[in-house]
$ cat query_17.txt   # compact mmCIF, C-alpha atoms and all ligand atoms
# COMPACT_ATOMS: atom_id res chain seq x y z
CA MET A 16 113.66 81.28 91.56
CA LYS A 17 110.86 78.72 91.91
CA VAL A 18 107.77 78.80 89.68
CA ALA A 19 104.24 77.92 90.88
CA HIS A 20 102.12 76.48 88.08
CA SER A 21 98.97 74.36 88.00
CA PRO A 22 97.63 72.45 84.96
CA LEU A 23 94.13 73.31 86.25
CA HIS A 24 94.48 76.72 84.54
CA ALA A 25 93.38 75.03 81.29
CA ARG A 26 89.88 74.45 82.70
CA HIS A 27 89.25 78.17 82.07
CA ASP A 28 88.84 78.35 78.30
CA GLY A 29 86.44 81.21 77.98
CA GLY A 30 84.97 80.91 74.50
CA LYS A 31 84.15 84.44 73.34
CA GLU A 32 84.40 88.00 74.64
CA LEU A 33 82.78 91.24 73.59
CA HIS A 34 85.55 93.25 71.93
CA ARG A 35 84.97 96.51 70.01
CA GLY A 36 81.36 95.62 69.28
CA GLU A 37 81.90 92.01 68.26
CA LEU A 38 81.99 88.62 69.95
CA VAL A 39 85.52 87.36 69.23
CA PRO A 40 87.56 84.40 70.54
CA CYS A 41 89.05 85.20 73.96
CA PHE A 42 92.51 86.79 73.89
CA GLU A 43 93.15 85.31 77.34
CA MET A 44 93.57 81.69 76.18
CA PRO A 45 95.10 78.56 77.77
CA VAL A 46 98.05 78.33 75.37
CA ARG A 47 99.45 81.52 76.96
CA ALA A 48 100.45 79.51 80.02
CA ASP A 49 101.96 76.73 77.87
CA TYR A 50 104.32 79.20 76.18
CA ILE A 51 105.31 80.71 79.53
CA LEU A 52 105.87 77.28 81.08
CA ALA A 53 108.13 76.23 78.21
CA ALA A 54 110.14 79.45 78.47
CA VAL A 55 110.69 79.34 82.24
CA ARG A 56 111.74 75.67 81.92
CA ARG A 57 114.21 76.66 79.16
CA ALA A 58 115.51 79.33 81.56
CA GLY A 59 116.23 76.53 84.06
CA LEU A 60 113.67 77.58 86.69
CA GLU A 61 112.17 74.86 88.90
CA VAL A 62 108.42 74.41 88.34
CA LEU A 63 106.23 73.16 91.23
CA GLU A 64 102.52 72.67 91.80
CA PRO A 65 100.81 75.09 94.23
CA ARG A 66 99.94 74.14 97.79
CA PRO A 67 96.27 74.05 98.83
CA PHE A 68 94.95 76.92 101.00
CA PRO A 69 91.68 77.20 102.93
CA LEU A 70 88.86 79.09 101.19
CA GLU A 71 89.10 81.69 103.99
CA SER A 72 92.46 82.84 102.55
CA LEU A 73 90.48 84.44 99.71
CA LEU A 74 88.34 86.40 102.17
CA ARG A 75 91.41 88.38 103.31
CA VAL A 76 90.95 90.47 100.14
CA HIS A 77 87.56 89.45 98.70
CA ASP A 78 83.91 89.75 99.76
CA ALA A 79 82.31 86.43 100.85
CA GLY A 80 79.21 86.84 98.67
CA PHE A 81 81.42 87.58 95.66
CA VAL A 82 83.54 84.45 96.23
CA GLU A 83 80.39 82.34 96.64
CA PHE A 84 79.03 83.80 93.38
CA LEU A 85 82.21 82.85 91.50
CA ARG A 86 82.18 79.36 93.01
CA THR A 87 78.55 78.61 92.08
CA ALA A 88 77.83 80.90 89.09
CA HIS A 89 78.16 78.35 86.32
CA ALA A 90 76.13 75.71 88.18
CA GLU A 91 73.33 78.29 88.61
CA TRP A 92 73.58 79.11 84.92
CA ARG A 93 73.17 75.42 84.05
CA ALA A 94 70.32 75.06 86.56
CA ALA A 95 68.60 77.88 84.65
CA GLY A 96 68.78 75.69 81.56
CA LYS A 97 71.73 77.38 79.88
CA ALA A 98 74.99 75.93 78.54
CA GLY A 99 78.38 77.27 77.45
CA PHE A 100 79.97 80.54 78.50
CA MET A 101 78.30 83.23 80.61
CA LEU A 102 78.55 86.94 79.80
CA PRO A 103 76.53 89.69 81.51
CA SER A 104 74.50 92.18 79.53
CA GLY A 105 73.24 94.57 82.20
CA PHE A 106 75.21 96.40 84.89
CA PRO A 107 74.35 98.56 87.93
CA ALA A 108 75.62 101.75 86.26
CA ARG A 109 75.03 105.13 87.95
CA ALA A 110 71.28 105.44 87.41
CA LEU A 111 70.58 101.82 88.43
CA ARG A 112 72.63 101.56 91.61
CA ARG A 113 71.01 100.37 94.81
CA ASP A 114 71.94 97.93 97.52
CA HIS A 115 70.22 94.82 96.23
CA ILE A 116 71.70 91.68 94.74
CA PRO A 117 69.21 90.15 92.27
CA SER A 118 68.50 86.47 92.91
CA GLY A 119 68.40 85.53 89.20
CA ILE A 120 71.65 84.51 87.58
CA ASN A 121 71.67 87.24 84.90
CA GLY A 122 71.13 90.07 87.34
CA LYS A 123 73.57 88.57 89.82
CA MET A 124 76.20 88.23 87.11
CA GLY A 125 75.76 91.88 86.07
CA TYR A 126 75.94 92.91 89.72
CA TYR A 127 79.34 91.26 90.25
CA ALA A 128 80.84 91.94 86.79
CA PHE A 129 82.05 95.19 85.26
CA ASP A 130 82.45 94.20 81.62
CA ALA A 131 81.36 91.71 78.96
CA SER A 132 84.87 90.54 78.08
CA THR A 133 85.23 88.07 80.95
CA PRO A 134 83.26 84.88 80.29
CA ILE A 135 82.67 82.28 82.99
CA VAL A 136 82.69 78.62 81.89
CA GLU A 137 82.25 75.40 83.86
CA GLY A 138 85.95 75.22 84.78
CA THR A 139 86.52 78.90 85.55
CA TRP A 140 86.30 78.52 89.32
CA ASP A 141 88.78 75.60 89.41
CA ALA A 142 91.26 77.58 87.29
CA ALA A 143 90.85 80.87 89.19
CA LEU A 144 91.26 79.08 92.51
CA ALA A 145 94.39 77.28 91.26
CA ALA A 146 95.83 80.64 90.09
CA ALA A 147 95.14 82.13 93.53
CA HIS A 148 96.92 79.14 95.10
CA CYS A 149 99.90 79.71 92.78
CA ALA A 150 100.16 83.33 94.00
CA LEU A 151 99.76 82.32 97.66
CA THR A 152 102.36 79.55 97.23
CA ALA A 153 104.90 81.91 95.64
CA ALA A 154 104.30 84.38 98.50
CA ALA A 155 104.74 81.53 101.02
CA TRP A 156 108.10 80.57 99.46
CA VAL A 157 109.31 84.16 99.81
CA ALA A 158 107.94 84.35 103.38
CA GLU A 159 109.95 81.20 104.12
CA GLY A 160 113.16 82.79 102.88
CA ASP A 161 113.37 82.58 99.09
CA LYS A 162 114.63 85.86 97.62
CA SER A 163 112.16 85.70 94.74
CA ALA A 164 109.42 83.53 93.24
CA TYR A 165 107.17 83.53 90.18
CA ALA A 166 103.46 82.64 90.16
CA LEU A 167 102.42 81.54 86.66
CA CYS A 168 98.82 82.61 87.20
CA ARG A 169 96.10 82.04 84.66
CA PRO A 170 93.49 83.52 84.64
CA PRO A 171 95.12 86.82 85.63
CA GLY A 172 93.95 88.88 88.61
CA HIS A 173 94.73 92.60 88.81
CA HIS A 174 91.36 93.84 87.49
CA ALA A 175 89.43 91.84 90.11
CA ALA A 176 88.37 94.09 93.00
CA ARG A 177 87.06 93.16 96.46
CA SER A 178 83.63 92.25 95.04
CA VAL A 179 83.79 92.78 91.26
CA TYR A 180 85.31 90.76 88.40
CA GLY A 181 86.28 91.77 84.87
CA GLY A 182 89.19 92.31 82.51
CA TYR A 183 89.74 88.52 82.26
CA CYS A 184 90.25 88.46 86.07
CA PHE A 185 88.22 86.74 88.83
CA LEU A 186 90.37 86.54 91.97
CA ASN A 187 93.11 89.11 92.58
CA ASN A 188 96.22 86.92 92.69
CA ALA A 189 98.66 89.79 93.33
CA ALA A 190 96.53 91.19 96.18
CA LEU A 191 96.36 87.72 97.73
CA ALA A 192 100.15 87.44 97.53
CA ALA A 193 100.63 90.89 99.08
CA GLN A 194 98.14 90.14 101.88
CA HIS A 195 99.81 86.77 102.55
CA LEU A 196 103.17 88.52 102.97
CA ARG A 197 101.54 90.99 105.38
CA ASP A 198 99.99 88.13 107.34
CA GLN A 199 103.39 86.39 107.54
CA GLY A 200 104.96 89.42 109.22
CA PHE A 201 106.22 91.63 106.38
CA GLY A 202 105.23 95.04 107.76
CA ARG A 203 105.22 97.04 104.52
CA VAL A 204 104.47 95.45 101.15
CA ALA A 205 104.64 97.28 97.81
CA VAL A 206 102.75 96.19 94.71
CA LEU A 207 104.24 97.42 91.44
CA ASP A 208 101.92 96.82 88.48
CA VAL A 209 103.62 96.90 85.07
CA ASP A 210 100.75 95.44 83.02
CA TYR A 211 99.62 97.62 80.07
CA HIS A 212 96.25 98.09 81.77
CA HIS A 213 95.65 99.85 85.07
CA GLY A 214 95.33 97.43 88.01
CA ASN A 215 92.00 98.83 89.18
CA GLY A 216 91.22 95.77 91.32
CA THR A 217 94.42 95.91 93.32
CA GLN A 218 93.98 99.65 93.73
CA ASP A 219 90.43 99.09 95.04
CA ILE A 220 91.54 96.46 97.55
CA PHE A 221 94.33 98.56 99.09
CA TRP A 222 92.80 102.06 98.49
CA GLU A 223 92.41 102.95 102.17
CA ARG A 224 95.53 101.19 103.49
CA SER A 225 98.98 102.53 104.26
CA ASP A 226 100.61 99.12 104.86
CA VAL A 227 100.36 98.11 101.18
CA LEU A 228 101.61 100.60 98.59
CA PHE A 229 100.09 100.31 95.11
CA VAL A 230 102.06 101.78 92.19
CA SER A 231 100.99 101.26 88.57
CA ILE A 232 102.46 102.16 85.19
CA HIS A 233 99.92 101.72 82.40
CA ALA A 234 98.32 103.15 79.27
CA THR A 235 96.10 106.19 79.73
CA PRO A 236 92.54 105.23 80.71
CA GLU A 237 91.29 108.14 78.57
CA THR A 238 91.38 105.71 75.64
CA GLU A 239 92.51 102.39 77.14
CA TYR A 240 90.82 99.74 79.27
CA PRO A 241 89.65 99.90 82.11
CA TYR A 242 88.75 103.52 81.17
CA PHE A 243 87.34 104.67 84.50
CA LEU A 244 90.30 104.31 86.85
CA GLY A 245 94.07 104.76 86.60
CA TYR A 246 94.32 108.55 86.38
CA ALA A 247 97.31 110.31 87.94
CA ASP A 248 95.20 112.12 90.54
CA GLU A 249 94.01 108.86 92.16
CA ARG A 250 96.23 108.63 95.26
CA GLY A 251 94.25 106.69 97.88
CA GLU A 252 91.96 107.86 100.66
CA GLY A 253 91.83 107.98 104.45
CA ALA A 254 94.80 106.12 105.95
CA GLY A 255 95.70 105.14 102.38
CA GLU A 256 96.09 108.70 101.12
CA GLY A 257 99.39 108.89 99.22
CA TYR A 258 99.78 105.07 99.17
CA THR A 259 98.31 104.68 95.67
CA ARG A 260 100.28 106.17 92.79
CA ASN A 261 99.44 106.01 89.10
CA PHE A 262 101.72 106.65 86.13
CA PRO A 263 99.57 106.71 82.97
CA LEU A 264 101.43 106.92 79.64
CA PRO A 265 100.13 107.72 76.14
CA ARG A 266 99.47 105.09 73.49
CA GLY A 267 102.59 104.51 71.42
CA SER A 268 104.98 104.90 74.36
CA THR A 269 108.39 103.30 73.75
CA TRP A 270 110.97 101.90 76.18
CA LYS A 271 112.44 105.41 76.49
CA GLU A 272 109.23 106.86 78.00
CA TYR A 273 108.49 103.63 79.82
CA ASP A 274 111.92 103.52 81.44
CA THR A 275 111.51 107.13 82.66
CA ALA A 276 108.13 106.25 84.24
CA LEU A 277 109.65 103.07 85.70
CA GLY A 278 112.37 105.17 87.32
CA ALA A 279 109.77 107.47 88.88
CA ALA A 280 107.68 104.49 90.04
CA LEU A 281 110.74 102.79 91.54
CA ASP A 282 111.60 106.02 93.40
CA VAL A 283 108.14 105.89 95.00
CA VAL A 284 108.53 102.20 95.86
CA GLY A 285 112.04 102.75 97.25
CA GLY A 286 110.83 105.73 99.31
CA PHE A 287 108.26 103.44 100.95
CA ALA A 288 111.12 101.13 102.08
CA PRO A 289 109.05 97.95 101.57
CA ASP A 290 109.87 94.68 103.32
CA ALA A 291 108.62 92.80 100.26
CA LEU A 292 107.57 93.54 96.69
CA VAL A 293 104.84 92.00 94.54
CA VAL A 294 105.17 92.65 90.81
CA SER A 295 101.98 92.40 88.75
CA LEU A 296 103.79 91.22 85.65
CA GLY A 297 101.84 91.83 82.47
CA VAL A 298 103.82 91.75 79.26
CA ASP A 299 101.05 93.28 77.14
CA THR A 300 103.37 96.31 76.94
CA TYR A 301 105.08 94.35 74.13
CA GLU A 302 104.96 95.98 70.67
CA GLY A 303 103.33 92.90 69.13
CA ASP A 304 100.42 92.72 71.58
CA PRO A 305 97.11 92.49 69.70
CA ILE A 306 95.04 94.61 72.13
CA SER A 307 97.65 97.10 73.38
CA ALA A 308 99.62 100.03 71.98
CA PHE A 309 102.98 100.38 73.76
CA LYS A 310 106.18 99.68 71.83
CA LEU A 311 108.40 97.65 74.15
CA ALA A 312 110.64 95.17 72.31
CA THR A 313 111.71 91.74 73.57
CA GLU A 314 115.18 93.13 74.43
CA HIS A 315 113.62 95.59 76.92
CA PHE A 316 112.08 93.02 79.27
CA PRO A 317 115.42 91.91 80.79
CA LEU A 318 116.23 95.60 81.37
CA MET A 319 112.95 95.92 83.28
CA GLY A 320 113.87 92.89 85.40
CA ARG A 321 117.32 94.32 86.12
CA ARG A 322 115.83 97.61 87.33
CA LEU A 323 113.40 95.75 89.63
CA ALA A 324 116.30 93.80 91.14
CA GLY A 325 117.88 97.15 92.06
CA LEU A 326 115.33 97.52 94.86
CA LYS A 327 116.99 94.58 96.64
CA VAL A 328 113.74 93.47 98.24
CA PRO A 329 112.23 89.93 98.43
CA THR A 330 110.04 89.80 95.34
CA VAL A 331 107.01 87.79 94.21
CA PHE A 332 106.23 87.99 90.50
CA VAL A 333 102.59 87.34 89.62
CA GLN A 334 101.55 86.79 86.00
CA GLU A 335 98.95 89.21 84.62
CA GLY A 336 98.32 90.01 80.91
CA GLY A 337 100.17 89.49 77.62
CA TYR A 338 98.33 88.34 74.49
CA ALA A 339 101.03 88.02 71.83
CA VAL A 340 101.03 84.33 72.68
CA GLU A 341 104.08 83.17 70.73
CA GLU A 342 106.32 85.80 72.35
CA ILE A 343 104.76 85.86 75.82
CA GLY A 344 107.08 83.19 77.25
CA THR A 345 110.26 84.83 75.98
CA ASN A 346 109.17 88.21 77.32
CA VAL A 347 108.20 86.88 80.77
CA ALA A 348 111.38 84.80 81.06
CA GLY A 349 113.31 87.89 79.96
CA VAL A 350 112.05 89.86 82.98
CA LEU A 351 112.80 87.00 85.37
CA GLU A 352 116.29 86.36 83.94
CA GLY A 353 117.05 90.09 83.97
CA PHE A 354 116.00 90.16 87.63
CA LEU A 355 118.22 87.20 88.50
CA GLY A 356 121.10 88.89 86.64
N1 LIG B 401 87.70 96.71 73.45
C1 LIG B 401 94.62 92.01 81.43
O1 LIG B 401 95.55 92.33 80.74
N2 LIG B 401 89.30 93.94 76.93
N3 LIG B 401 93.35 92.29 81.10
C2 LIG B 401 89.07 95.24 76.51
C3 LIG B 401 88.15 96.67 74.79
C4 LIG B 401 89.72 93.82 78.29
C5 LIG B 401 93.03 93.02 79.89
C6 LIG B 401 88.29 95.26 75.25
C7 LIG B 401 91.20 93.84 78.46
C8 LIG B 401 91.57 93.26 79.79
C9 LIG B 401 94.84 91.21 82.67
ZN ZN B 402 96.71 93.95 80.68
$ encode --input "query_17.txt" --output "structure tokens"
Amino acid sequence: MKVAHSPLHARHDGGKELHRGELVPCFEMPVRADYILAAVRRAGLEVLEPRPFPLESLLRVHDAGFVEFLRTAHAEWRAAGKAGFMLPSGFPARALRRDHIPSGINGKMGYYAFDASTPIVEGTWDAALAAAHCALTAAAWVAEGDKSAYALCRPPGHHAARSVYGGYCFLNNAALAAQHLRDQGFGRVAVLDVDYHHGNGTQDIFWERSDVLFVSIHATPETEYPYFLGYADERGEGAGEGYTRNFPLPRGSTWKEYDTALGAALDVVGGFAPDALVVSLGVDTYEGDPISAFKLATEHFPLMGRRLAGLKVPTVFVQEGGYAVEEIGTNVAGVLEGFLG
């Protein structure tokens, strides 16, 4: 299994996020990728830099105005006389919604963002673009015949929707990988999201489509981020009806409950008979994660990988969350090694 990794990820070093009423250092920090890189190298996987892709590749799943905002946001912020990290403080919530994008940087930022935990710094665009290229490269390897590949994406992607960013995510790396596989002739692509948090962005992107199945196992949004999506009754609409499936679990869930949900999710994926699989691989389900409340132990991640291999489908792994930084590499490598068997 080849690994796509770019050192450009380190240009996104967000500063602070709003967490439980306080500005705290970002949980999504550059050293996460360093631990993962060391662990996949220890596991003997070959690490390669991503290929370049035209900017238009992003527009297969994202809105053009949104991409242009991400590309230019920090320069506009500096032009307005500001420095450091950008966080929005006003959002088009229900009573404020209309079809107008404010021209000022603060209003524009609130328009495109959905939380105040996702700072943009000068290097955010370079890092997010490199992460997208890692996902597209891993998908390209699989399209060219590799049985599996791993995109070591940072920043992560699954909360980023067609035209909204948040949850530490800017561009939806997993959605880009899935779309690339579709564009390379894989007729049916399944996305299985095992991050602790619901993959609202991926769900949004494929909500009305029947060619990409979205299945997610995550903590209940009643109490857990992203709060407003990820409920079991969300199943897609129009042509996509039945092609989104959510498996929310209570806080405190252990491998026993997780494994049962994983079995149900894999039955849905298997029933779809996909030509390729994209796994949104968050390891914030780990018991030591500082912002999450599942109880998976390090020994369970290889078991997860083994179960995924049972689908016997070409598979692209895309890195999402995981904030217990010292264990993140071991847990990610555990899934990949379990998959390889
Ligand atoms: N007090 C991923 O794992 N922070 N994103 C919530 C609530 C956002 C997690 C703060 C968590 C986003 C990719
Ligand atoms: Zn997460």
$ residues_near_ligand --input "query_17.txt" --ligand "ligand LIG 401 (chain B)" --cutoff "10 Å" --atoms "only C-alpha atoms and all ligand atoms" --output "PyMOL selection string"
chain A and resi 32-37+41-43+130-133+169-175+181-184+210-214+238-242+295-300+306-307+334-338
$ closest_residue --input "query_17.txt" --among "A:Asn215, A:Gly278, A:His89, A:Gly325" --to "ligand ZN 402 (chain B)" --atoms "only C-alpha atoms and all ligand atoms"
A:Asn215
$ atom_distance --input "query_17.txt" --atom1 "atom CA of A:Ala88" --atom2 "atom CA of A:Val76"
19.6 Å
$ closest_residue --input "query_17.txt" --among "A:Ala276, A:Ala150, A:Arg66, A:Tyr180" --to "A:His195" --atoms "all atoms listed in the file"
A:Ala150
$ residues_around --input "query_17.txt" --residues "A:Gly200" --least-positions-apart "2" --cutoff "12 Å" --atoms "all atoms listed in the file" --output "JSON, numbers by chain"
{"A": [154, 155, 157, 158, 159, 193, 194, 195, 196, 197, 198, 202, 203, 204, 226, 290, 291]}
$ closest_residue --input "query_17.txt" --among "A:Arg47, A:Lys327, A:His233, A:Arg321" --to "ligand ZN 402 (chain B)" --atoms "only C-alpha atoms and all ligand atoms"
A:His233
$ closest_residue --input "query_17.txt" --among "A:Ala324, A:Ile51, A:Ala308, A:Val136" --to "ligand ZN 402 (chain B)" --atoms "all atoms listed in the file"
A:Ala308
$ residues_around --input "query_17.txt" --residues "A:Tyr273" --least-positions-apart "3" --cutoff "12 Å" --atoms "only C-alpha atoms" --output "ChimeraX atom specification"
/A:209-211,231-234,262-270,276-281,300-301,309-312,315-316,318-319
$ closest_residue --input "query_17.txt" --among "A:Asp28, A:Tyr165, A:Ser72, A:Thr217" --to "A:Met101" --atoms "all atoms listed in the file"
A:Asp28
$ closest_residue --input "query_17.txt" --among "A:Pro45, A:Glu64, A:Gly30, A:His148" --to "A:Ile135" --atoms "only C-alpha atoms"
A:Gly30
$ atom_distance --input "query_17.txt" --atom1 "atom CA of A:Gly245" --atom2 "atom CA of A:Asn261"
6.1 Å
$ axis_aligned_box --input "query_17.txt" --around "stretch 281-292 of chain A" --padding-each-side "4 Å" --output "JSON"
{"center_x": 109.8, "center_y": 99.4, "center_z": 97.4, "size_x": 12.5, "size_y": 21.2, "size_z": 19.8}
$ atom_distance --input "query_17.txt" --atom1 "atom CA of A:Glu137" --atom2 "atom CA of A:Leu85"
10.7 Å
$ residues_around --input "query_17.txt" --residues "stretch 330-332 of chain A" --least-positions-apart "2" --cutoff "6 Å" --atoms "all atoms listed in the file" --output "list of chain:residue names"
A:Ser163, A:Ala164, A:Tyr165, A:Ala291, A:Leu292, A:Val293, A:Val294, A:Val328
